[in-house]
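start_37.csv follows; it contains CSV, C-alpha atoms and all ligand atoms.
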chain,number,residue,atom,x,y,z
A,7,MET,CA,-177.8,113.7,30.4
A,8,THR,CA,-177.8,117.2,28.9
A,9,ALA,CA,-176.0,119.8,30.9
A,10,ALA,CA,-177.7,123.2,31.3
A,11,ARG,CA,-175.9,125.6,29.0
A,12,THR,CA,-175.8,129.4,28.9
A,13,PRO,CA,-177.4,130.4,25.7
A,14,ASP,CA,-174.9,131.7,23.2
A,15,PRO,CA,-175.9,135.3,22.5
A,16,ARG,CA,-175.0,134.8,18.8
A,17,ILE,CA,-177.7,132.2,18.3
A,18,ALA,CA,-181.1,133.6,18.0
A,19,PRO,CA,-184.1,131.4,18.9
A,20,PRO,CA,-185.8,129.8,15.9
A,21,SER,CA,-188.5,132.1,14.6
A,22,GLY,CA,-190.9,129.3,13.8
A,23,ARG,CA,-191.6,130.9,10.4
A,24,GLY,CA,-192.0,128.9,7.3
A,25,LEU,CA,-190.9,129.9,3.8
A,26,ASP,CA,-193.8,132.3,3.4
A,27,GLY,CA,-192.9,134.2,6.5
A,28,GLY,CA,-196.1,133.1,8.1
A,29,ALA,CA,-196.9,130.6,10.8
A,30,GLU,CA,-194.9,127.4,11.2
A,31,GLY,CA,-195.3,124.9,8.4
A,32,GLY,CA,-195.9,127.4,5.6
A,33,HIS,CA,-194.0,126.3,2.5
A,34,ARG,CA,-195.2,128.6,-0.3
A,35,LEU,CA,-192.5,130.4,-2.1
A,36,ARG,CA,-192.5,134.1,-1.5
A,37,GLY,CA,-192.3,136.7,-4.2
A,38,GLY,CA,-193.2,140.3,-4.8
A,39,ASP,CA,-191.8,143.6,-3.7
A,40,SER,CA,-191.7,143.0,0.0
A,41,ILE,CA,-188.8,140.6,-0.1
A,42,ARG,CA,-187.1,141.3,-3.4
A,43,ARG,CA,-183.9,143.2,-3.1
A,44,MET,CA,-184.2,146.2,-5.3
A,45,GLY,CA,-181.4,148.4,-6.5
A,46,LEU,CA,-180.4,151.5,-4.6
A,47,ILE,CA,-181.7,154.1,-7.1
A,48,GLU,CA,-185.1,152.3,-7.3
A,49,ARG,CA,-185.3,152.1,-3.5
A,50,TYR,CA,-184.4,155.7,-2.8
A,51,ILE,CA,-185.3,157.5,-6.1
A,52,ASP,CA,-187.3,160.2,-4.2
A,53,ARG,CA,-184.1,161.2,-2.4
A,54,LEU,CA,-181.7,161.0,-5.3
A,55,PRO,CA,-181.0,163.2,-8.3
A,56,PHE,CA,-182.7,160.8,-10.7
A,57,ALA,CA,-186.2,160.8,-12.3
A,58,PRO,CA,-188.4,157.9,-13.3
A,59,GLY,CA,-187.4,157.0,-16.8
A,60,ASP,CA,-183.7,157.9,-16.4
A,61,PRO,CA,-181.3,155.1,-17.4
A,62,VAL,CA,-180.4,153.0,-14.4
A,63,ILE,CA,-177.3,150.9,-14.3
A,64,SER,CA,-177.8,148.6,-11.3
A,65,LEU,CA,-176.7,145.3,-9.9
A,66,ASN,CA,-179.2,145.4,-7.0
A,67,GLU,CA,-176.7,147.0,-4.7
A,68,GLY,CA,-177.5,148.3,-1.2
A,69,SER,CA,-179.9,146.9,1.3
A,70,THR,CA,-177.0,145.2,3.2
A,71,PRO,CA,-177.5,143.6,6.5
A,72,LEU,CA,-177.0,145.3,9.9
A,73,ILE,CA,-175.7,142.6,12.0
A,74,HIS,CA,-175.7,142.8,15.8
A,75,ALA,CA,-172.3,142.0,17.3
A,76,PRO,CA,-172.8,140.6,20.8
A,77,ARG,CA,-169.1,139.9,21.6
A,78,LEU,CA,-168.1,143.4,20.5
A,79,SER,CA,-171.0,144.9,22.4
A,80,GLU,CA,-169.9,143.1,25.5
A,81,ARG,CA,-166.3,144.4,25.1
A,82,VAL,CA,-167.3,148.1,24.7
A,83,GLY,CA,-170.4,148.2,26.9
A,84,ALA,CA,-172.8,149.4,24.2
A,85,ASP,CA,-175.0,147.9,21.6
A,86,VAL,CA,-172.9,147.5,18.5
A,87,TRP,CA,-174.0,146.6,15.0
A,88,LEU,CA,-172.0,145.9,11.9
A,89,LYS,CA,-173.1,147.4,8.6
A,90,TYR,CA,-171.8,144.6,6.4
A,91,GLU,CA,-171.1,146.4,3.1
A,92,GLY,CA,-169.1,143.4,1.9
A,93,LEU,CA,-172.5,142.0,0.8
A,94,ASN,CA,-172.8,144.5,-2.0
A,95,PRO,CA,-172.6,142.9,-5.6
A,96,THR,CA,-168.9,143.6,-6.0
A,97,GLY,CA,-168.1,143.2,-2.3
A,98,SER,CA,-167.8,146.8,-1.1
A,99,PHE,CA,-169.8,150.0,-0.4
A,100,LYS,CA,-168.4,151.4,-3.7
A,101,ASP,CA,-171.4,149.9,-5.5
A,102,ARG,CA,-173.8,152.4,-3.9
A,103,GLY,CA,-171.8,155.3,-5.4
A,104,MET,CA,-171.1,153.6,-8.6
A,105,THR,CA,-174.7,152.8,-9.6
A,106,CYS,CA,-175.4,156.5,-9.3
A,107,ALA,CA,-172.1,157.8,-10.9
A,108,VAL,CA,-172.3,155.4,-13.9
A,109,SER,CA,-176.1,155.9,-14.4
A,110,ALA,CA,-175.5,159.7,-14.5
A,111,ALA,CA,-172.6,159.3,-16.8
A,112,VAL,CA,-174.7,157.2,-19.2
A,113,ARG,CA,-177.6,159.7,-18.9
A,114,GLU,CA,-175.0,162.4,-20.0
A,115,GLY,CA,-173.9,160.3,-23.0
A,116,ALA,CA,-170.5,159.3,-21.6
A,117,GLU,CA,-168.8,156.4,-23.5
A,118,ALA,CA,-166.0,155.9,-21.0
A,119,VAL,CA,-165.5,156.2,-17.2
A,120,ILE,CA,-162.2,156.4,-15.3
A,121,CYS,CA,-161.0,156.4,-11.7
A,122,ALA,CA,-158.0,156.2,-9.5
A,123,SER,CA,-158.3,153.4,-6.9
A,124,THR,CA,-156.8,151.4,-4.1
A,125,GLY,CA,-158.9,148.5,-5.6
A,126,ASN,CA,-162.5,148.6,-4.6
A,127,THR,CA,-163.6,151.5,-6.7
A,128,ALA,CA,-161.8,149.9,-9.6
A,129,ALA,CA,-163.7,146.7,-9.1
A,130,ALA,CA,-167.0,148.5,-8.8
A,131,LEU,CA,-166.3,150.7,-11.8
A,132,ALA,CA,-165.3,147.7,-13.9
A,133,ALA,CA,-168.6,145.9,-13.1
A,134,TYR,CA,-170.9,148.8,-13.7
A,135,ALA,CA,-169.1,149.9,-16.9
A,136,ALA,CA,-169.5,146.3,-18.1
A,137,ARG,CA,-173.1,146.4,-17.2
A,138,ALA,CA,-173.5,149.8,-19.1
A,139,GLY,CA,-171.6,148.6,-22.1
A,140,ILE,CA,-169.1,151.5,-21.9
A,141,ARG,CA,-165.3,151.6,-21.6
A,142,GLY,CA,-163.9,151.4,-18.1
A,143,VAL,CA,-160.4,152.5,-17.2
A,144,VAL,CA,-158.8,152.3,-13.7
A,145,LEU,CA,-155.4,153.5,-12.4
A,146,VAL,CA,-154.2,151.6,-9.4
A,147,PRO,CA,-150.9,151.8,-7.4
A,148,ASP,CA,-148.7,149.1,-8.8
A,149,GLY,CA,-148.4,146.1,-6.5
A,150,LYS,CA,-150.4,147.7,-3.8
A,151,ILE,CA,-153.9,146.4,-4.4
A,152,ALA,CA,-155.4,143.2,-3.0
A,153,ALA,CA,-155.6,140.2,-5.3
A,154,GLY,CA,-159.4,139.9,-5.3
A,155,LYS,CA,-159.9,143.5,-6.4
A,156,LEU,CA,-157.4,143.2,-9.3
A,157,ALA,CA,-159.1,139.9,-10.4
A,158,GLN,CA,-162.5,141.7,-10.4
A,159,ALA,CA,-161.3,144.7,-12.4
A,160,LEU,CA,-159.6,142.5,-15.0
A,161,MET,CA,-162.4,139.9,-15.2
A,162,HIS,CA,-165.0,142.6,-15.9
A,163,GLY,CA,-162.9,143.9,-18.8
A,164,ALA,CA,-161.6,147.2,-17.5
A,165,GLU,CA,-158.3,148.6,-18.7
A,166,VAL,CA,-156.2,148.3,-15.7
A,167,ILE,CA,-153.2,150.7,-15.5
A,168,ALA,CA,-150.6,150.0,-12.8
A,169,LEU,CA,-149.1,153.3,-11.8
A,170,ARG,CA,-145.6,153.4,-10.4
A,171,GLY,CA,-146.9,155.7,-7.7
A,172,ASN,CA,-149.5,155.9,-5.0
A,173,PHE,CA,-153.2,156.6,-4.9
A,174,ASP,CA,-152.8,160.3,-4.4
A,175,GLU,CA,-150.7,160.6,-7.6
A,176,ALA,CA,-153.2,158.5,-9.5
A,177,LEU,CA,-156.1,160.7,-8.4
A,178,ARG,CA,-154.2,163.8,-9.5
A,179,LEU,CA,-153.6,162.3,-13.0
A,180,VAL,CA,-157.1,161.0,-13.6
A,181,ARG,CA,-158.5,164.5,-12.6
A,182,GLN,CA,-156.3,166.0,-15.3
A,183,ILE,CA,-157.3,163.4,-17.9
A,184,ALA,CA,-161.0,163.9,-17.2
A,185,ASP,CA,-160.6,167.7,-17.5
A,186,ALA,CA,-158.9,167.3,-20.9
A,187,HIS,CA,-160.8,164.5,-22.5
A,188,PRO,CA,-164.4,163.2,-22.8
A,189,ILE,CA,-164.1,160.6,-20.1
A,190,ALA,CA,-166.2,160.7,-17.0
A,191,LEU,CA,-164.4,160.7,-13.6
A,192,VAL,CA,-166.2,158.5,-11.1
A,193,ASN,CA,-164.0,158.9,-8.0
A,194,SER,CA,-165.8,160.2,-4.9
A,195,VAL,CA,-165.0,163.8,-6.0
A,196,ASN,CA,-168.0,163.1,-8.3
A,197,ASP,CA,-171.1,164.2,-6.3
A,198,PHE,CA,-173.2,161.3,-7.6
A,199,ARG,CA,-170.9,158.9,-5.7
A,200,ILE,CA,-171.8,160.8,-2.5
A,201,GLU,CA,-175.5,160.7,-3.3
A,202,GLY,CA,-175.5,156.9,-3.7
A,203,GLN,CA,-173.4,156.3,-0.6
A,204,LYS,CA,-175.5,158.5,1.6
A,205,CYS,CA,-178.3,155.9,1.3
A,206,ALA,CA,-176.4,153.6,3.7
A,207,ALA,CA,-177.3,156.1,6.4
A,208,PHE,CA,-181.0,155.8,5.5
A,209,GLU,CA,-180.8,152.0,5.7
A,210,ILE,CA,-179.2,152.1,9.2
A,211,GLN,CA,-181.7,154.6,10.6
A,212,GLU,CA,-184.6,152.5,9.1
A,213,ASP,CA,-183.2,149.4,10.8
A,214,LEU,CA,-182.6,151.1,14.1
A,215,ASP,CA,-185.9,153.1,14.2
A,216,GLY,CA,-183.9,156.4,13.9
A,217,GLN,CA,-182.0,156.0,17.1
A,218,LEU,CA,-178.3,155.8,16.5
A,219,ASP,CA,-175.7,157.4,18.8
A,220,ALA,CA,-172.4,157.0,16.9
A,221,LEU,CA,-171.1,155.7,13.6
A,222,CYS,CA,-167.5,154.3,13.4
A,223,ILE,CA,-166.1,154.4,10.0
A,224,PRO,CA,-162.7,154.0,8.3
A,225,VAL,CA,-161.5,157.1,6.5
A,226,GLY,CA,-159.4,157.1,3.3
A,227,ASN,CA,-160.2,159.5,0.6
A,228,ALA,CA,-163.0,160.7,2.9
A,229,GLY,CA,-165.9,160.3,0.5
A,230,ASN,CA,-167.8,157.8,2.6
A,231,ILE,CA,-167.9,159.7,5.8
A,232,THR,CA,-169.0,162.8,3.8
A,233,ALA,CA,-171.8,160.7,2.3
A,234,TYR,CA,-173.0,159.2,5.6
A,235,TRP,CA,-173.1,162.6,7.2
A,236,LYS,CA,-175.1,164.0,4.3
A,237,GLY,CA,-177.5,161.1,4.6
A,238,PHE,CA,-178.0,161.5,8.4
A,239,ARG,CA,-178.5,165.3,8.1
A,240,GLU,CA,-181.1,164.9,5.3
A,241,LEU,CA,-183.1,162.4,7.4
A,242,HIS,CA,-182.9,164.6,10.5
A,243,GLU,CA,-184.1,167.6,8.5
A,244,LEU,CA,-187.1,165.6,7.3
A,245,ASP,CA,-187.8,164.3,10.8
A,246,PRO,CA,-186.0,165.9,13.8
A,247,GLY,CA,-187.0,162.8,15.8
A,248,VAL,CA,-184.3,160.9,13.8
A,249,SER,CA,-181.0,161.1,15.6
A,250,LEU,CA,-177.9,162.8,14.3
A,251,PRO,CA,-175.1,160.4,15.3
A,252,ARG,CA,-171.6,161.3,16.2
A,253,MET,CA,-169.3,160.6,13.2
A,254,VAL,CA,-166.3,158.8,14.5
A,255,GLY,CA,-163.6,158.4,11.9
A,256,PHE,CA,-160.5,156.2,12.1
A,257,GLN,CA,-157.4,156.1,10.0
A,258,ALA,CA,-154.4,153.8,9.9
A,259,ARG,CA,-151.4,155.1,11.8
A,260,GLY,CA,-149.2,155.2,8.6
A,261,ALA,CA,-151.9,156.9,6.5
A,262,ASN,CA,-153.4,159.4,9.0
A,263,PRO,CA,-153.4,162.9,7.4
A,264,LEU,CA,-156.6,163.9,9.2
A,265,VAL,CA,-155.2,163.0,12.6
A,266,ARG,CA,-151.9,164.8,11.9
A,267,GLY,CA,-153.5,167.8,10.2
A,268,GLU,CA,-151.2,167.5,7.2
A,269,ALA,CA,-150.8,165.4,4.1
A,270,VAL,CA,-148.7,162.2,4.4
A,271,ALA,CA,-146.2,162.0,1.5
A,272,ASP,CA,-145.6,158.2,1.6
A,273,PRO,CA,-148.6,156.5,3.3
A,274,GLU,CA,-148.1,152.9,4.3
A,275,THR,CA,-150.5,150.4,6.0
A,276,VAL,CA,-151.6,146.8,5.8
A,277,ALA,CA,-155.0,148.2,5.1
A,278,SER,CA,-154.2,148.9,1.5
A,279,ALA,CA,-157.7,150.3,0.7
A,280,ILE,CA,-157.0,153.3,2.9
A,281,ARG,CA,-153.4,153.8,2.0
A,282,ILE,CA,-154.1,157.5,1.2
A,283,GLY,CA,-152.1,160.5,2.2
A,284,ASN,CA,-154.1,163.5,1.0
A,285,PRO,CA,-157.9,162.8,1.0
A,286,ALA,CA,-159.9,164.7,-1.6
A,287,ARG,CA,-162.8,165.3,0.8
A,288,TRP,CA,-160.6,166.4,3.7
A,289,GLU,CA,-162.6,169.6,4.7
A,290,GLU,CA,-166.0,167.8,4.4
A,291,ALA,CA,-164.8,164.9,6.6
A,292,MET,CA,-163.6,167.3,9.2
A,293,THR,CA,-166.9,169.1,9.1
A,294,ALA,CA,-168.7,165.8,9.6
A,295,MET,CA,-166.7,164.9,12.6
A,296,THR,CA,-166.6,168.2,14.3
A,297,GLY,CA,-170.1,169.2,13.4
A,298,SER,CA,-171.5,166.0,14.8
A,299,GLY,CA,-169.6,166.0,18.1
A,300,GLY,CA,-167.5,163.1,16.8
A,301,SER,CA,-163.7,162.8,16.4
A,302,VAL,CA,-160.9,161.4,14.3
A,303,ASN,CA,-158.2,159.0,15.6
A,304,ASP,CA,-155.8,156.4,14.3
A,305,VAL,CA,-154.9,152.8,14.9
A,306,THR,CA,-151.8,150.8,14.2
A,307,ASP,CA,-151.6,148.0,11.7
A,308,ASP,CA,-151.4,145.5,14.6
A,309,GLU,CA,-154.6,146.9,16.1
A,310,ILE,CA,-156.3,146.7,12.7
A,311,LEU,CA,-155.2,143.0,12.3
A,312,ASP,CA,-156.4,142.1,15.8
A,313,ALA,CA,-159.8,143.6,15.1
A,314,TYR,CA,-159.8,141.8,11.7
A,315,ARG,CA,-159.2,138.4,13.4
A,316,PHE,CA,-161.6,139.2,16.2
A,317,LEU,CA,-164.5,139.9,13.8
A,318,ALA,CA,-163.9,136.7,11.8
A,319,ARG,CA,-163.4,134.4,14.8
A,320,GLU,CA,-165.7,135.9,17.5
A,321,GLU,CA,-168.5,137.4,15.4
A,322,GLY,CA,-168.3,135.2,12.3
A,323,VAL,CA,-168.0,138.2,10.0
A,324,PHE,CA,-165.2,138.4,7.5
A,325,CYS,CA,-164.2,141.8,6.3
A,326,GLU,CA,-161.1,143.2,4.7
A,327,PRO,CA,-158.4,144.8,6.8
A,328,ALA,CA,-159.4,148.5,6.0
A,329,SER,CA,-162.9,147.7,7.2
A,330,ALA,CA,-161.7,146.4,10.5
A,331,THR,CA,-160.2,149.8,11.2
A,332,SER,CA,-163.7,151.0,12.4
A,333,VAL,CA,-163.8,148.2,15.0
A,334,ALA,CA,-160.1,148.6,15.9
A,335,GLY,CA,-160.8,152.3,16.5
A,336,LEU,CA,-163.9,151.6,18.6
A,337,LEU,CA,-162.0,149.1,20.8
A,338,LYS,CA,-159.1,151.4,21.3
A,339,HIS,CA,-160.6,154.9,21.5
A,340,GLY,CA,-164.2,154.2,22.3
A,341,ALA,CA,-166.6,156.4,20.3
A,342,GLY,CA,-167.2,159.1,22.8
A,343,ILE,CA,-169.3,156.8,25.0
A,344,ALA,CA,-170.0,158.7,28.2
A,345,PRO,CA,-169.3,156.5,31.2
A,346,GLY,CA,-172.4,155.9,33.3
A,347,GLY,CA,-174.8,157.2,30.6
A,348,ASP,CA,-177.6,155.3,28.9
A,349,ARG,CA,-176.5,152.2,26.9
A,350,GLU,CA,-175.5,153.6,23.5
A,351,ARG,CA,-176.3,152.3,20.0
A,352,ILE,CA,-173.3,152.2,17.8
A,353,VAL,CA,-172.7,151.1,14.2
A,354,CYS,CA,-169.3,150.1,12.8
A,355,VAL,CA,-169.2,150.2,9.0
A,356,LEU,CA,-167.5,147.2,7.5
A,357,THR,CA,-166.8,148.6,4.1
A,358,GLY,CA,-165.5,145.6,2.1
A,359,HIS,CA,-165.6,141.8,2.1
A,360,GLY,CA,-162.8,139.7,3.5
A,361,LEU,CA,-162.5,137.7,0.3
A,362,LYS,CA,-161.1,140.8,-1.4
A,363,ASP,CA,-157.8,140.2,0.2
A,364,PRO,CA,-157.1,136.4,0.5
A,365,GLN,CA,-153.4,136.9,1.0
A,366,THR,CA,-153.7,138.9,4.2
A,367,ALA,CA,-156.3,136.5,5.5
A,368,MET,CA,-153.9,133.5,5.0
A,369,ASP,CA,-151.0,135.4,6.4
A,370,GLU,CA,-153.0,136.1,9.6
A,371,SER,CA,-154.2,132.6,10.1
A,372,THR,CA,-152.8,129.3,11.4
A,373,PRO,CA,-151.5,127.1,8.6
A,374,VAL,CA,-153.5,124.2,7.2
A,375,ILE,CA,-152.8,120.8,8.6
A,376,PRO,CA,-151.4,118.2,6.2
A,377,CYS,CA,-152.8,114.6,6.6
A,378,GLU,CA,-152.3,111.2,4.9
A,379,PRO,CA,-155.5,109.6,3.7
A,380,THR,CA,-155.9,107.0,6.6
A,381,LEU,CA,-158.1,106.9,9.6
A,382,ALA,CA,-155.1,106.6,11.9
A,383,ALA,CA,-153.4,109.6,10.5
A,384,LEU,CA,-156.7,111.6,10.7
A,385,GLU,CA,-157.2,110.6,14.3
A,386,LYS,CA,-153.7,111.5,15.1
A,387,VAL,CA,-154.2,115.1,14.0
A,388,LEU,CA,-157.8,115.4,15.2
A,389,ILE,CA,-158.3,113.5,18.5
A,390,ARG,CA,-156.6,115.2,21.5
B,1,LIG,N1,-162.8,150.8,3.2
B,1,LIG,C1,-162.5,150.3,2.1
B,1,LIG,C2,-162.6,148.8,2.0
B,1,LIG,C3,-162.2,151.1,1.0
B,1,LIG,O1,-162.0,150.5,-0.2
B,1,LIG,C4,-162.1,152.5,1.1
B,1,LIG,C5,-161.7,153.3,0.0
B,1,LIG,C6,-162.4,153.0,2.4
B,1,LIG,C7,-162.7,152.2,3.4
B,1,LIG,C8,-162.3,154.5,2.6
B,1,LIG,O2,-163.4,155.2,2.1
B,1,LIG,O3,-162.1,156.7,0.6
B,1,LIG,O4,-164.5,157.1,1.1
B,1,LIG,O5,-162.8,157.4,2.9
B,1,LIG,N2,-161.3,152.9,-1.1
B,1,LIG,C9,-161.1,153.7,-2.3
B,1,LIG,C10,-160.9,152.9,-3.5
B,1,LIG,C11,-160.1,154.8,-2.1
B,1,LIG,O6,-160.2,153.3,-4.4
B,1,LIG,O7,-161.4,151.8,-3.5
B,1,LIG,P1,-163.2,156.7,1.6
Please rewrite the model in this file as C-alpha cells.
Ligand code: F0G
Amino acid sequence: MTAARTPDPRIAPPSGRGLDGGAEGGHRLRGGDSIRRMGLIERYIDRLPFAPGDPVISLNEGSTPLIHAPRLSERVGADVWLKYEGLNPTGSFKDRGMTCAVSAAVREGAEAVICASTGNTAAALAAYAARAGIRGVVLVPDGKIAAGKLAQALMHGAEVIALRGNFDEALRLVRQIADAHPIALVNSVNDFRIEGQKCAAFEIQEDLDGQLDALCIPVGNAGNITAYWKGFRELHELDPGVSLPRMVGFQARGANPLVRGEAVADPETVASAIRIGNPARWEEAMTAMTGSGGSVNDVTDDEILDAYRFLAREEGVFCEPASATSVAGLLKHGAGIAPGGDRERIVCVLTGHGLKDPQTAMDESTPVIPCEPTLAALEKVLIR
C-alpha cells in the first residue's frame, strides 16, 4: 500500500517534454540559437562597450540558473531564488567581468594581464589569459586562498605570486605595477569588469519578469554590488516598469569595513574570498545600498558556515563559504522585508562554486565511514 505523501516542494512535476522540448515522446536532438548557451558579450553586446567585429575572449560564461529555494523561502516568508554563479566556466561570477576585461585588453593590444586576488579572480584571469594566448600574472595572499582556486590558476599557466601580505596590500602593489609597466590591470577597479558583471542583473530580471524586491549579495572588494546596481539602473531607465530592487550587502564580521565605516587592518574570516579590509569600490557600494533603500550588515563565521551547510543539505546547492554570506545575512537580518506586506521576491547571489574550497567542505561535514569488504560489515554500518 502506498501512503499518501505530502509533495516535496523541491520536486517539480514532470514536464512531459521530450528532447525536442515539444510534446511527450519527441526525441529529436535540439540545436540552434534558442538553446545554445552563448557567451556574455555575444548575448548582451548592445548593452556593452563592444562592437561587432571586436575580438571576443569567451568561455560561454553567464546565463547561469536562477534556482528557486523552497526551504529558504519557507524560513524567511518570501519567495527566494539563488543566482548560482558557481556554474560559470571557472566556477565563479568573475568570468562575467573577465570576458570583458580580457577582450578589451586584447583589443588594446595588451600582451599581459595582472590582478590581485583572494582566488576567484586569479582563476578567471588565468583561464581567460590562456584562452587569449597572453601572459597572466596573479598576486594572492600567501596561504589564504582555497585549494581549488590555486589549482585552477596554476593549471591554466598563470604566474602565481604568493604575497606575504593580505589582499589589500596585493591590490595596492598591482595598481602600482600597472601604472608603471605595459601590463593591463583586470581587478574590478577596471570598468570593463563592472560592465560584464552588470549583466547578471539583466538575467535575473529576465527570469523574474522584471519584478524583484531585494538582492542579497556578499561584499568584498565591492565590485559586484556596484555592477549589479548599474545593471538594475540601466534596465529601469530603459523600462520604468522593471523594478529597482533594494541592494542588501553582507560582509563577514571579521572583514566588515563597510559596516564599521572604517578600514579593517587585519581582516580575518573563514570566507577567504571576502577577506578584504579596504574595498576599492567602497563609495559606489554605499551609494548602491543607500540609493536603493537597502542596507549593509555583517554575519559571523559560524552563521556563514550554518548557511553553507543549510544550502548544501536542504536545497542541494553547493557554494563556497563567501557565497553563503548572502544567505546567512538574509536569515539573520532579513532583507528589509516589511511584516504583513505583499510576499516579496528575493534573490541571493551565490558567487562561487562549493568545489572551489574542498577543505572547508570536508572540515564542516561528518567523517566518511570506514568498512571492510563484506556484506556483514556493510549491514552493520548501514542497517539501523
Ligand atoms: N564571493 C566570492 C566567491 C568572491 O570571490 C568575491 C570576491 C566576492 C564574493 C566579493 O565580490 O569583491 O566584487 O565585492 N573575490 C575577489 C577575488 C576579491 O579576488 O576573487 P566583490
* Please identify every polymer residue within 6 Å of ligand LIG 1 (chain B), using only C-alpha atoms and all ligand atoms, and present the set as a PyMOL selection string. => chain A and resi 123-127+224-230+279-280+328-329+357-358
Kindly export the residues of the current selection with C-alpha atoms, as a PDB file, keeping the file's coordinate frame.
ATOM      1  CA  SER A 123    -158.300 153.400  -6.900  1.00  0.00           C
ATOM      2  CA  THR A 124    -156.800 151.400  -4.100  1.00  0.00           C
ATOM      3  CA  GLY A 125    -158.900 148.500  -5.600  1.00  0.00           C
ATOM      4  CA  ASN A 126    -162.500 148.600  -4.600  1.00  0.00           C
ATOM      5  CA  THR A 127    -163.600 151.500  -6.700  1.00  0.00           C
ATOM      6  CA  PRO A 224    -162.700 154.000   8.300  1.00  0.00           C
ATOM      7  CA  VAL A 225    -161.500 157.100   6.500  1.00  0.00           C
ATOM      8  CA  GLY A 226    -159.400 157.100   3.300  1.00  0.00           C
ATOM      9  CA  ASN A 227    -160.200 159.500   0.600  1.00  0.00           C
ATOM     10  CA  ALA A 228    -163.000 160.700   2.900  1.00  0.00           C
ATOM     11  CA  GLY A 229    -165.900 160.300   0.500  1.00  0.00           C
ATOM     12  CA  ASN A 230    -167.800 157.800   2.600  1.00  0.00           C
ATOM     13  CA  ALA A 279    -157.700 150.300   0.700  1.00  0.00           C
ATOM     14  CA  ILE A 280    -157.000 153.300   2.900  1.00  0.00           C
ATOM     15  CA  ALA A 328    -159.400 148.500   6.000  1.00  0.00           C
ATOM     16  CA  SER A 329    -162.900 147.700   7.200  1.00  0.00           C
ATOM     17  CA  THR A 357    -166.800 148.600   4.100  1.00  0.00           C
ATOM     18  CA  GLY A 358    -165.500 145.600   2.100  1.00  0.00           C
TER      19      GLY A 358
END
* Would you mind listing what lies within 8 Å of A:Gly237 as a list of chain:residue names, with all atoms listed in the file counted and same-chain residues fewer than 5 positions away left out? =>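 Within the cut-off, the hits are A:Lys204, A:Cys205, A:Ala206, A:Ala207, A:Phe208.
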* **Residue list as a list in words for point (-161.5, 150.3, -16.2), cut-off 7 Å, all atoms listed in the file** => Ile120, Ala128, Leu131, Ala132, Arg141, Gly142, Val143, Val144, Ala159, Ala164, Glu165 and Val166 of chain A
With C-alpha atoms retained, export the selected residues as a CSV table (one decimal), in the frame of the given file.
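again-v3.csv, written as the output of this step:
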chain,number,residue,atom,x,y,z
A,120,ILE,CA,-162.2,156.4,-15.3
A,128,ALA,CA,-161.8,149.9,-9.6
A,131,LEU,CA,-166.3,150.7,-11.8
A,132,ALA,CA,-165.3,147.7,-13.9
A,141,ARG,CA,-165.3,151.6,-21.6
A,142,GLY,CA,-163.9,151.4,-18.1
A,143,VAL,CA,-160.4,152.5,-17.2
A,144,VAL,CA,-158.8,152.3,-13.7
A,159,ALA,CA,-161.3,144.7,-12.4
A,164,ALA,CA,-161.6,147.2,-17.5
A,165,GLU,CA,-158.3,148.6,-18.7
A,166,VAL,CA,-156.2,148.3,-15.7
Give me the residues of stretch 267-287 of chain A that have any atom at most 12 Å from an atom of stretch 239-258 of chain A; for each, the nearest atom pair and the distance in Å, rounded to one decimal. Use only C-alpha atoms, sort by chain and number, and format it as a tab-separated table.
residue	atom	partner	partner_atom	distance
A:Val270	CA	A:Ala258	CA	11.5
A:Pro273	CA	A:Ala258	CA	9.2
A:Glu274	CA	A:Ala258	CA	8.5
A:Thr275	CA	A:Ala258	CA	6.5
A:Val276	CA	A:Ala258	CA	8.6
A:Ala277	CA	A:Ala258	CA	7.4
A:Ser278	CA	A:Ala258	CA	9.7
A:Ala279	CA	A:Ala258	CA	10.4
A:Ile280	CA	A:Ala258	CA	7.5
A:Arg281	CA	A:Ala258	CA	8.0
A:Ile282	CA	A:Ala258	CA	9.5
A:Gly283	CA	A:Gln257	CA	10.4
A:Pro285	CA	A:Gln257	CA	11.2
* What is the atom CA of A:Pro76-atom CA of A:Val374 distance in Å, reported with one decimal? -> 28.7 Å
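Comparing A:Phe56, A:Trp288, A:Phe324, A:Phe316 by their smallest distance to A:Ala111, the closest is A:Phe56 (using only C-alpha atoms).
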* To do: Return the single residue from A:Ile200, A:Ala152, A:Ala269, A:Ala334 that is closest to A:Gly103, with distances computed using all atoms listed in the file.
  =>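 Among A:Ile200, A:Ala152, A:Ala269, A:Ala334, it is A:Ile200 that comes nearest to A:Gly103.
Interatomic distance, atom CA of A:Asp197 to atom CA of A:Ala130: 16.4 Å.
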* How far is it from atom CA of A:Asp213 to atom CA of A:Val353, in Å with one decimal? ->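 Rounded to one decimal, the two atoms are 11.2 Å apart.
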Write out as lines of an AutoDock Vina configuration file an axis-aligned box for stretch 272-277 of chain A: all of its atoms listed in the file, 5 Å added on each side, centre and edge lengths in Å with one decimal.
center_x = -150.3
center_y = 152.5
center_z = 3.8
size_x = 19.4
size_y = 21.4
size_z = 14.4
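Distance annotation: of A:Arg315, A:Gly97, A:Cys354, A:Val305, the residue with the minimal separation from A:Met368 is A:Arg315; atom set is all atoms listed in the file.
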* Asked: For A:Glu326, which of A:Ala291, A:Leu221, A:Val119, A:Ile310 is the closest residue, counting only C-alpha atoms?
  -> A:Ile310
* Structure fact -> A:Lys338 proximity check over A:Thr296, A:Asn303, A:Thr366, A:Ser109, using all atoms listed in the file: winner is A:Asn303
* Pick from A:Glu309, A:Asp272, A:Glu321, A:Asp219 nearest to A:Ala84, counting only C-alpha atoms ->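 With only C-alpha atoms as the atom set, the closest residue is A:Asp219.
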* So which residues touch stretch 47-53 of chain A within 8 Å, counting all atoms listed in the file, skipping near sequence neighbours fewer than 2 positions away, as a ChimeraX atom specification? -> /A:44-45,55-58,62,64,105-106,202,205
Tell me, counting only C-alpha atoms, for each residue of stretch 98-203 of chain A within 9 Å of stretch 85-94 of chain A, which pair of atoms is nearest and how far apart they are in Å to one decimal, in rows ordered by chain and increasing number, as a tab-separated table.
residue	atom	partner	partner_atom	distance
A:Ser98	CA	A:Gly92	CA	4.7
A:Phe99	CA	A:Glu91	CA	5.2
A:Lys100	CA	A:Asn94	CA	8.4
A:Asp101	CA	A:Asn94	CA	6.6
A:Arg102	CA	A:Asn94	CA	8.2
* Around (-152.2, 146.4, -14.6) in the file's own coordinates, what residues are found within 9 Å if you use all atoms listed in the file, given back as a ChimeraX atom specification? -> /A:144-146,148-149,156,160,165-169
